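Colleague: Coordinates in final08.cif, mmCIF, C-alpha atoms, are listed below.
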```cif
data_data
loop_
_atom_site.label_atom_id
_atom_site.label_comp_id
_atom_site.auth_asym_id
_atom_site.auth_seq_id
_atom_site.Cartn_x
_atom_site.Cartn_y
_atom_site.Cartn_z
CA MET M 1 -11.78 -96.70 -38.07
CA LYS M 2 -11.54 -92.92 -37.78
CA LYS M 3 -11.86 -91.35 -41.20
CA THR M 4 -11.33 -87.64 -40.48
CA GLY M 5 -8.07 -87.51 -42.41
CA ARG M 6 -9.69 -89.20 -45.39
CA ILE M 7 -12.53 -86.71 -45.38
CA PHE M 8 -10.14 -83.73 -45.35
CA LEU M 9 -8.16 -85.29 -48.20
CA SER M 10 -11.32 -85.97 -50.22
CA ALA M 11 -12.54 -82.41 -49.71
CA PHE M 12 -9.12 -81.06 -50.72
CA LEU M 13 -8.99 -83.18 -53.86
CA PHE M 14 -12.52 -82.22 -54.85
CA ALA M 15 -11.69 -78.54 -54.39
CA ALA M 16 -8.62 -79.03 -56.58
CA ILE M 17 -10.74 -80.62 -59.30
CA LEU M 18 -13.16 -77.72 -59.19
CA THR M 19 -10.28 -75.27 -59.41
CA GLY M 20 -9.08 -77.10 -62.52
CA CYS M 21 -12.55 -76.86 -64.02
CA ALA M 22 -12.69 -73.15 -63.27
CA LYS M 23 -9.51 -72.63 -65.26
CA ASN M 24 -11.27 -74.14 -68.25
CA GLU M 25 -14.59 -72.40 -67.97
CA GLY M 26 -16.71 -72.59 -71.05
CA ASN M 27 -20.08 -71.17 -71.95
CA LEU M 28 -22.65 -73.52 -73.38
CA ASP M 29 -25.29 -71.72 -75.32
CA GLN M 30 -28.22 -70.87 -73.06
CA ALA M 31 -30.48 -73.45 -74.67
CA SER M 32 -27.96 -76.23 -73.98
CA LEU M 33 -27.51 -75.23 -70.33
CA LYS M 34 -31.27 -75.08 -69.80
CA GLN M 35 -31.74 -78.32 -71.66
CA ALA M 36 -29.16 -80.08 -69.47
CA ILE M 37 -30.86 -79.16 -66.22
CA ASP M 38 -34.35 -79.74 -67.66
CA GLN M 39 -33.38 -83.21 -68.84
CA GLY M 40 -31.84 -84.04 -65.48
CA ALA M 41 -35.02 -82.94 -63.70
CA VAL M 42 -37.23 -84.97 -66.05
CA LYS M 43 -35.20 -88.14 -65.46
CA LEU M 44 -35.31 -87.55 -61.71
CA ASN M 45 -39.07 -86.97 -61.70
CA THR M 46 -39.61 -90.09 -63.81
CA ALA M 47 -37.52 -92.12 -61.38
CA MET M 48 -39.34 -90.78 -58.31
CA ASN M 49 -42.75 -91.45 -59.89
CA THR M 50 -41.68 -95.04 -60.53
CA ILE M 51 -40.10 -95.53 -57.10
CA SER M 52 -42.96 -93.99 -55.13
CA ALA M 53 -45.49 -96.27 -56.85
CA THR M 54 -43.76 -99.45 -55.64
CA GLN M 55 -44.64 -101.55 -52.61
CA ALA M 56 -40.98 -101.37 -51.65
CA TYR M 57 -41.27 -97.59 -51.25
CA SER M 58 -44.40 -97.94 -49.09
CA ILE M 59 -42.60 -100.41 -46.82
CA LEU M 60 -39.37 -98.43 -46.57
CA THR M 61 -41.04 -95.09 -45.88
CA MET M 62 -43.23 -96.10 -42.95
CA ASN M 63 -42.56 -93.55 -40.24
CA GLU M 64 -42.34 -93.70 -36.48
CA GLY M 65 -45.88 -92.42 -36.10
CA SER M 66 -47.22 -95.63 -37.64
CA MET M 67 -45.02 -97.93 -35.59
CA MET M 68 -45.32 -99.11 -32.02
CA LYS M 69 -42.48 -98.16 -29.73
CA SER M 70 -40.20 -100.89 -28.43
CA SER M 71 -39.83 -100.92 -24.65
CA THR M 72 -36.29 -102.18 -25.16
CA ALA M 73 -35.35 -99.05 -27.10
CA THR M 74 -36.12 -96.86 -24.11
CA ASP M 75 -34.28 -99.03 -21.58
CA SER M 76 -31.12 -97.10 -20.76
CA ILE M 77 -29.40 -99.89 -18.80
CA TYR M 78 -29.60 -102.92 -21.05
CA ARG M 79 -26.67 -104.30 -23.01
CA VAL M 80 -26.91 -106.71 -25.89
CA TYR M 81 -24.73 -108.54 -28.38
CA ILE M 82 -26.69 -110.39 -31.08
CA PRO M 83 -24.94 -111.99 -34.07
CA LEU M 84 -26.77 -113.64 -36.98
CA GLU M 85 -25.77 -117.05 -35.60
CA LYS M 86 -28.01 -116.40 -32.60
CA ILE M 87 -31.19 -115.61 -34.57
CA LYS M 88 -30.89 -117.55 -37.86
CA GLY M 89 -33.80 -119.70 -39.00
CA VAL M 90 -37.16 -119.37 -40.75
CA TYR M 91 -39.93 -117.65 -38.77
CA GLU M 92 -43.56 -117.76 -39.97
CA TYR M 93 -46.28 -115.48 -38.66
CA ASN M 94 -49.15 -117.36 -36.94
CA LYS M 95 -52.23 -116.19 -38.77
CA VAL M 96 -54.52 -118.03 -36.33
CA SER M 97 -52.81 -116.92 -33.14
CA LYS M 98 -55.07 -116.74 -30.09
CA HIS M 99 -52.90 -114.08 -28.54
CA ASN M 100 -54.13 -110.50 -28.28
CA ASN M 101 -51.73 -108.58 -26.12
CA TRP M 102 -50.02 -105.32 -27.05
CA GLY M 103 -47.20 -105.88 -24.56
CA MET M 104 -46.51 -109.49 -25.49
CA SER M 105 -43.27 -110.58 -27.09
CA LEU M 106 -43.51 -110.31 -30.87
CA LEU M 107 -41.93 -113.75 -31.12
CA HIS M 108 -45.12 -115.27 -29.65
CA PHE M 109 -46.81 -114.48 -32.95
CA PHE M 110 -44.21 -116.44 -34.95
CA THR M 111 -43.21 -120.08 -35.23
CA LYS M 112 -39.73 -121.19 -36.16
CA THR M 113 -40.42 -123.64 -38.98
CA ALA M 114 -36.96 -124.49 -40.26
CA ASP M 115 -33.25 -124.02 -39.76
CA ASN M 116 -31.45 -121.77 -42.21
CA SER M 117 -28.11 -120.00 -42.58
CA GLN M 118 -30.10 -116.73 -42.78
CA MET M 119 -32.83 -115.20 -40.65
CA ILE M 120 -35.98 -115.31 -42.78
CA VAL M 121 -39.16 -113.69 -41.46
CA ARG M 122 -42.42 -114.32 -43.34
CA MET M 123 -45.63 -112.51 -42.50
CA PRO M 124 -48.66 -110.86 -44.16
CA LEU M 125 -47.82 -107.63 -45.97
CA LYS M 126 -50.87 -106.10 -44.27
CA LYS M 127 -49.18 -106.60 -40.90
CA VAL M 128 -46.09 -104.84 -42.17
CA THR M 129 -47.91 -101.83 -43.61
CA ARG M 130 -50.22 -101.63 -40.58
CA PRO M 131 -47.83 -102.43 -37.74
CA GLY M 132 -50.30 -101.17 -35.14
CA ASN M 133 -52.09 -104.51 -35.70
CA LEU M 134 -48.94 -106.60 -35.50
CA ARG M 135 -49.74 -107.91 -32.02
CA HIS M 136 -53.50 -107.93 -32.51
CA TYR M 137 -55.43 -110.82 -34.06
CA SER M 138 -58.83 -110.49 -35.67
CA LYS M 139 -61.00 -113.06 -37.46
CA ALA M 140 -60.23 -111.41 -40.78
CA ASP M 141 -56.57 -112.36 -40.29
CA SER M 142 -57.42 -115.99 -41.01
CA SER M 143 -57.59 -115.12 -44.71
CA LEU M 144 -54.15 -113.49 -44.76
CA THR M 145 -51.14 -115.20 -46.29
CA ASN M 146 -47.51 -114.70 -45.38
CA ASN M 147 -46.76 -112.90 -48.63
CA PHE M 148 -44.03 -110.62 -47.27
CA SER M 149 -40.55 -111.83 -46.36
CA ILE M 150 -37.29 -110.31 -45.26
CA ALA M 151 -34.24 -112.55 -45.61
CA VAL M 152 -31.34 -111.35 -43.45
CA SER M 153 -27.96 -112.56 -44.72
CA ASP M 154 -25.82 -110.53 -42.30
CA TYR M 155 -26.71 -109.18 -38.87
CA HIS M 156 -24.75 -107.80 -35.96
CA ASN M 157 -26.19 -105.81 -33.06
CA ASN M 158 -23.73 -104.80 -30.37
CA TYR M 159 -25.46 -102.26 -28.12
CA ASN M 160 -23.95 -100.70 -25.01
CA SER M 161 -25.82 -97.39 -24.99
CA PHE M 162 -27.34 -95.00 -27.50
CA ARG M 163 -23.92 -93.36 -27.72
CA ASP M 164 -21.93 -96.59 -28.02
CA TYR M 165 -23.06 -99.29 -30.45
CA ASP M 166 -22.40 -100.88 -33.81
CA TYR M 167 -25.01 -102.43 -36.06
CA VAL M 168 -25.05 -104.29 -39.38
CA LEU M 169 -28.06 -105.46 -41.40
CA SER M 170 -28.00 -106.91 -44.92
CA SER M 171 -31.32 -108.14 -46.22
CA GLU M 172 -33.53 -108.90 -49.20
CA ILE M 173 -37.20 -107.86 -49.22
CA SER M 174 -39.78 -109.87 -51.19
CA VAL M 175 -43.53 -109.53 -51.76
CA ASP M 176 -45.48 -112.45 -53.26
CA ASN M 177 -42.17 -114.27 -53.82
CA VAL M 178 -40.88 -111.44 -56.02
CA VAL M 179 -37.83 -109.46 -54.85
CA ALA M 180 -38.88 -105.89 -54.08
CA GLY M 181 -35.53 -104.55 -52.90
CA ASN M 182 -32.37 -104.99 -50.86
CA LEU M 183 -31.68 -103.10 -47.65
CA ASN M 184 -28.20 -102.63 -46.16
CA ILE M 185 -27.40 -100.69 -42.98
CA ASN M 186 -24.04 -100.21 -41.27
CA THR M 187 -23.78 -98.06 -38.16
CA LEU M 188 -20.98 -97.27 -35.73
CA ILE M 189 -21.51 -94.79 -32.91
CA SER M 190 -18.61 -94.44 -30.51
CA PRO M 191 -17.53 -91.91 -27.85
CA THR M 192 -14.03 -91.98 -29.37
CA LEU M 193 -14.65 -92.71 -33.05
CA GLY M 194 -17.75 -90.58 -33.58
CA THR M 195 -20.64 -91.49 -35.86
CA HIS M 196 -20.39 -93.45 -39.11
CA TYR M 197 -23.67 -94.41 -40.72
CA THR M 198 -24.58 -95.78 -44.13
CA SER M 199 -27.89 -97.09 -45.42
CA GLN M 200 -28.79 -98.19 -48.90
CA TYR M 201 -32.01 -99.45 -50.44
CA ALA M 202 -31.88 -100.96 -53.91
CA PHE M 203 -35.29 -101.03 -55.58
CA ALA M 204 -36.19 -103.64 -58.17
CA GLY M 205 -35.72 -102.09 -61.60
CA GLY M 206 -32.27 -100.62 -61.05
CA TYR M 207 -32.99 -97.59 -58.85
CA THR M 208 -30.97 -97.14 -55.65
CA ALA M 209 -31.22 -94.64 -52.79
CA LYS M 210 -28.37 -94.32 -50.32
CA TYR M 211 -27.26 -92.12 -47.47
CA LYS M 212 -23.89 -91.75 -45.76
CA TYR M 213 -22.96 -89.70 -42.70
CA GLU M 214 -19.56 -89.40 -41.02
CA SER M 215 -18.69 -87.16 -38.10
CA GLY M 216 -15.28 -85.72 -37.26
CA ASP M 217 -13.39 -82.45 -37.54
CA THR M 218 -15.08 -82.36 -40.92
CA THR M 219 -18.59 -83.85 -40.92
CA SER M 220 -19.87 -85.14 -44.23
CA SER M 221 -23.30 -86.25 -45.36
CA ILE M 222 -24.16 -87.59 -48.81
CA PHE M 223 -27.63 -88.49 -50.09
CA THR M 224 -27.85 -90.09 -53.54
CA ILE M 225 -30.52 -91.43 -55.88
CA MET M 226 -29.17 -93.49 -58.78
CA ASN M 227 -30.35 -95.38 -61.83
CA GLY M 228 -27.77 -98.09 -62.28
CA ALA M 229 -24.40 -96.33 -62.20
CA ASN M 230 -25.89 -92.94 -63.15
CA ILE M 231 -26.50 -90.27 -60.52
CA LEU M 232 -29.96 -88.73 -60.85
CA TYR M 233 -29.78 -86.63 -57.68
CA GLU M 234 -27.11 -86.11 -55.08
CA GLU M 235 -26.51 -83.68 -52.25
CA LYS M 236 -23.14 -83.51 -50.52
CA LEU M 237 -22.57 -81.38 -47.45
CA PHE M 238 -19.27 -80.85 -45.62
CA ASN M 239 -19.29 -79.05 -42.27
CA ILE M 240 -16.25 -77.96 -40.27
CA LYS M 241 -16.27 -77.97 -36.47
CA ASN M 242 -17.05 -74.59 -34.99
CA ASP M 243 -17.23 -73.84 -31.27
CA THR M 244 -20.00 -71.31 -31.82
CA ALA M 245 -22.25 -73.60 -33.89
CA LYS M 246 -23.65 -76.86 -32.55
CA PHE M 247 -23.40 -78.66 -35.86
CA GLY M 248 -20.44 -76.79 -37.29
CA ARG M 249 -20.06 -74.39 -40.18
CA GLU M 250 -20.86 -75.36 -43.74
CA HIS M 251 -17.67 -75.58 -45.75
CA GLN M 252 -18.88 -76.99 -49.03
CA TYR M 253 -22.23 -77.87 -50.60
CA ILE M 254 -22.66 -79.76 -53.87
CA LEU M 255 -25.96 -80.54 -55.59
CA THR M 256 -25.98 -82.83 -58.62
CA ILE M 257 -28.98 -83.30 -60.91
CA GLY M 258 -28.06 -85.43 -63.90
CA ASN M 259 -24.92 -83.98 -65.47
CA VAL M 260 -25.39 -80.57 -63.81
CA GLN M 261 -23.59 -79.66 -60.59
CA ILE M 262 -24.10 -76.64 -58.37
CA ILE M 263 -21.17 -75.99 -56.03
CA ARG M 264 -20.84 -73.56 -53.17
CA ASN M 265 -17.54 -73.14 -51.33
CA SER M 266 -18.17 -71.10 -48.20
CA ASP M 267 -14.56 -69.96 -47.91
CA THR M 268 -14.76 -68.13 -51.24
CA LYS M 269 -18.52 -67.46 -50.95
CA LYS M 270 -18.68 -68.44 -54.60
CA VAL M 271 -21.50 -70.44 -56.17
CA GLN M 272 -20.88 -72.08 -59.54
CA ILE M 273 -22.88 -74.24 -61.92
CA ALA M 274 -21.12 -76.81 -64.08
CA VAL M 275 -22.24 -79.09 -66.89
CA ASP M 276 -20.17 -82.25 -67.34
CA GLY M 277 -17.51 -80.68 -65.13
CA VAL M 278 -17.25 -77.42 -67.08
CA VAL M 279 -18.18 -74.31 -65.06
CA GLN M 280 -20.66 -71.98 -66.78
CA PRO M 281 -19.87 -68.35 -65.86
CA GLY M 282 -22.80 -66.95 -67.80
CA ALA M 283 -25.34 -68.24 -65.25
CA VAL M 284 -25.80 -66.73 -61.79
CA VAL M 285 -26.72 -69.13 -58.98
CA THR M 286 -28.23 -68.04 -55.68
CA ILE M 287 -28.67 -70.45 -52.77
CA MET M 288 -31.59 -69.44 -50.56
CA ASP M 289 -31.68 -70.93 -47.06
CA LYS M 290 -35.02 -70.89 -45.27
CA GLU M 291 -35.50 -70.13 -41.61
CA GLY M 292 -37.83 -71.97 -39.26
CA ASP M 293 -37.84 -75.25 -41.17
CA LYS M 294 -35.82 -77.43 -38.81
CA GLU M 295 -36.91 -80.99 -38.16
CA GLY M 296 -35.19 -81.43 -34.81
CA ASP M 297 -31.82 -81.13 -33.19
CA LYS M 298 -30.63 -84.70 -33.54
CA GLU M 299 -27.26 -85.26 -35.15
CA GLY M 300 -27.74 -85.06 -38.88
CA ASP M 301 -31.19 -83.41 -38.74
CA ASN M 302 -29.63 -80.00 -39.36
CA GLU M 303 -28.51 -80.93 -42.87
CA GLU M 304 -29.49 -78.33 -45.43
CA SER M 305 -31.36 -79.77 -48.38
CA VAL M 306 -33.59 -78.56 -51.20
CA CYS M 307 -36.18 -80.89 -49.66
CA LYS M 308 -36.10 -79.14 -46.28
CA LYS M 309 -34.47 -75.78 -45.73
CA ARG M 310 -33.00 -74.72 -49.03
CA ASP M 311 -33.89 -73.64 -52.54
CA ILE M 312 -31.60 -72.71 -55.41
CA GLN M 313 -32.28 -70.08 -58.05
CA ILE M 314 -30.54 -70.10 -61.43
CA THR M 315 -30.52 -66.91 -63.50
CA PHE M 316 -29.43 -67.54 -67.06
CA GLU M 317 -27.53 -65.05 -69.19
CA ASP M 318 -30.71 -64.10 -71.05
CA GLY M 319 -32.37 -63.13 -67.76
CA THR M 320 -34.72 -66.11 -67.43
CA VAL M 321 -34.92 -67.67 -63.98
CA LYS M 322 -35.50 -71.23 -62.77
CA THR M 323 -35.52 -72.67 -59.25
CA VAL M 324 -34.65 -76.22 -58.30
CA SER M 325 -37.89 -76.52 -56.32
CA ALA M 326 -39.86 -75.71 -59.48
CA LEU M 327 -37.81 -78.07 -61.63
CA ILE M 328 -38.39 -81.04 -59.33
CA GLY M 329 -41.57 -79.79 -57.69
CA GLU M 330 -43.51 -83.01 -58.15
CA SER M 331 -40.68 -85.01 -56.55
CA VAL M 332 -39.69 -82.84 -53.58
CA ASN M 333 -41.97 -84.52 -51.04
CA ASN M 334 -41.08 -88.06 -52.14
CA ILE M 335 -37.37 -87.27 -52.08
CA LYS M 336 -37.77 -85.76 -48.62
CA THR M 337 -39.59 -88.88 -47.39
CA LEU M 338 -36.99 -91.17 -48.92
CA TYR M 339 -34.20 -89.10 -47.38
CA SER M 340 -35.77 -89.28 -43.90
CA SER M 341 -36.53 -92.99 -44.22
CA LEU M 342 -32.91 -93.85 -44.98
CA HIS M 343 -31.98 -92.17 -41.70
CA GLN M 344 -34.31 -94.39 -39.65
CA VAL M 345 -35.50 -97.49 -41.59
CA TYR M 346 -38.27 -98.14 -39.09
CA PHE M 347 -39.75 -101.29 -40.62
CA ALA M 348 -36.45 -103.20 -40.27
CA ALA M 349 -35.90 -102.04 -36.72
CA TYR M 350 -39.43 -102.85 -35.62
CA ILE M 351 -39.59 -106.33 -37.17
CA VAL M 352 -36.10 -107.84 -37.40
CA ASP M 353 -34.75 -106.16 -34.28
CA TRP M 354 -37.80 -106.91 -32.15
CA ILE M 355 -37.70 -110.60 -33.01
CA ALA M 356 -33.92 -110.63 -32.48
CA TYR M 357 -34.32 -109.12 -29.00
CA ASP M 358 -37.05 -111.59 -28.11
CA ILE M 359 -34.89 -114.54 -29.17
CA TYR M 360 -31.92 -113.14 -27.27
CA TYR M 361 -33.90 -112.61 -24.06
CA GLN M 362 -35.89 -115.87 -24.59
CA ARG M 363 -39.17 -114.01 -24.20
#
```
Could you express the structure from this file as structure tokens?

Modeller:
Amino acid sequence: MKKTGRIFLSAFLFAAILTGCAKNEGNLDQASLKQAIDQGAVKLNTAMNTISATQAYSILTMNEGSMMKSSTATDSIYRVYIPLEKIKGVYEYNKVSKHNNWGMSLLHFFTKTADNSQMIVRMPLKKVTRPGNLRHYSKADSSLTNNFSIAVSDYHNNYNSFRDYDYVLSSEISVDNVVAGNLNINTLISPTLGTHYTSQYAFAGGYTAKYKYESGDTTSSIFTIMNGANILYEEKLFNIKNDTAKFGREHQYILTIGNVQIIRNSDTKKVQIAVDGVVQPGAVVTIMDKEGDKEGDKEGDNEESVCKKRDIQITFEDGTVKTVSALIGESVNNIKTLYSSLHQVYFAAYIVDWIAYDIYYQR
């Protein structure tokens, strides 16, 4: 499963493509270059405004601060292997439960109502968006309906330790019987094979956000927001192992907004901007990395991004200047939240996984 060789080959091929583009550099007129990046930013901002207004976004972007910790997650000695076959069925939240116990098994608040080839969990949306009340019943809960569901069509949880596990989750999210999105996660963490992680959330309406991380001699991370098959925003980062740097040395960085790409190759220390694959030598691009904006030292948290530790300044041939942060200013925070959420996907872990553990341990 090791993909280091593939990553090196991909990086080499991409560099070769860029070299080919450089040989055919062409100047757009300044208005066309500005128009290209402005149009890309407008489409991205429109997409983020639409995405952030959805219930699917609110569910996906719940953070750890709003969730209760699982005691299982902090148990360093437990081992578990849970396939979908073990947990399949339809589980309905008990809206008139008499239980009121923060430490009680989550499964006590659900009733298995039917057999099914999938695992289907139905519960009030209010309990999903306010998970602190998940194990707490109040009289007002009697009026709630199970209007949220997550249908899990594929699940595999093989956990040996936090450094040795593989995990698969494929699911469909619905609110009021209307599909809100599809969530897919695939994780492999191995002492010998390294880390391979992908997560993707497809919103209703054609927008998709996805993240991919692979470790190795070359570590790659790719974060993408798409509308159908069209890339609205993408950041690619390739790091090479370096004994003097914990997370390695940046080898290549590529930012795509619409049909505009900004490419920095650290070996040549050259930054280029291209439109539809044609490098524009008349524009000067400066990548500005910020200090003191780290979000932690976990693997992957060091990734440079215009949403965290980086801004990019474009100086056009006529002397006018634009920064990426200004172009997508209204979207930066939502992109940052979406980016972080695809790393963690708390709502799936704290609902599906909790119930799966409770079934497995017969709690």

Colleague: Can you measure CA of Val179 in chain M to CA of Ala356 in chain M for me? One decimal in Å is fine.

Modeller: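 Answer for the CA of Val179 in chain M to CA of Ala356 in chain M separation: 22.7 Å.
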
Colleague: Identify which of the residues M:Lys270, M:Ser305, M:Thr323, M:Lys336 lies closest to Ile222 in chain M, counting only C-alpha atoms when measuring atom-to-atom distances.

Modeller: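 Between M:Lys270, M:Ser305, M:Thr323, M:Lys336, the residue approaching Ile222 in chain M most closely is M:Ser305.
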
Colleague: Would you mind reading off the distance between CA of Ser171 in chain M and CA of Gly194 in chain M, one decimal, in Å?

Modeller: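 So the answer is 25.5 Å.
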
Colleague: Rank nothing, just name the residue among M:Leu338, M:Ile273, M:Val352, M:Val260 nearest to Ala36 in chain M, using all atoms listed in the file.

Modeller: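 Among the listed residues, M:Val260 lies closest to Ala36 in chain M.
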
Colleague: Find, counting all atoms listed in the file, the residue in M:Leu255, M:Ile82, M:Ile351, M:Leu342 that gets nearest to Ile312 in chain M.

Modeller: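 With all atoms listed in the file as the atom set, the closest residue is M:Leu255.
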
Colleague: Which residue is closest to Val178 in chain M? Choose from M:Val306, M:Ile240, M:Ala56, M:Ala283 and count all atoms listed in the file.

Modeller: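 Checking each candidate against Val178 in chain M, we get M:Ala56 as the closest.
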
Colleague: Which of these, M:His136, M:Lys88, M:His156, M:Lys212, has the shortest distance to Ser105 in chain M once you count all atoms listed in the file?

Modeller: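 Going through M:His136, M:Lys88, M:His156, M:Lys212 one by one, the smallest distance to Ser105 in chain M is for M:His136.
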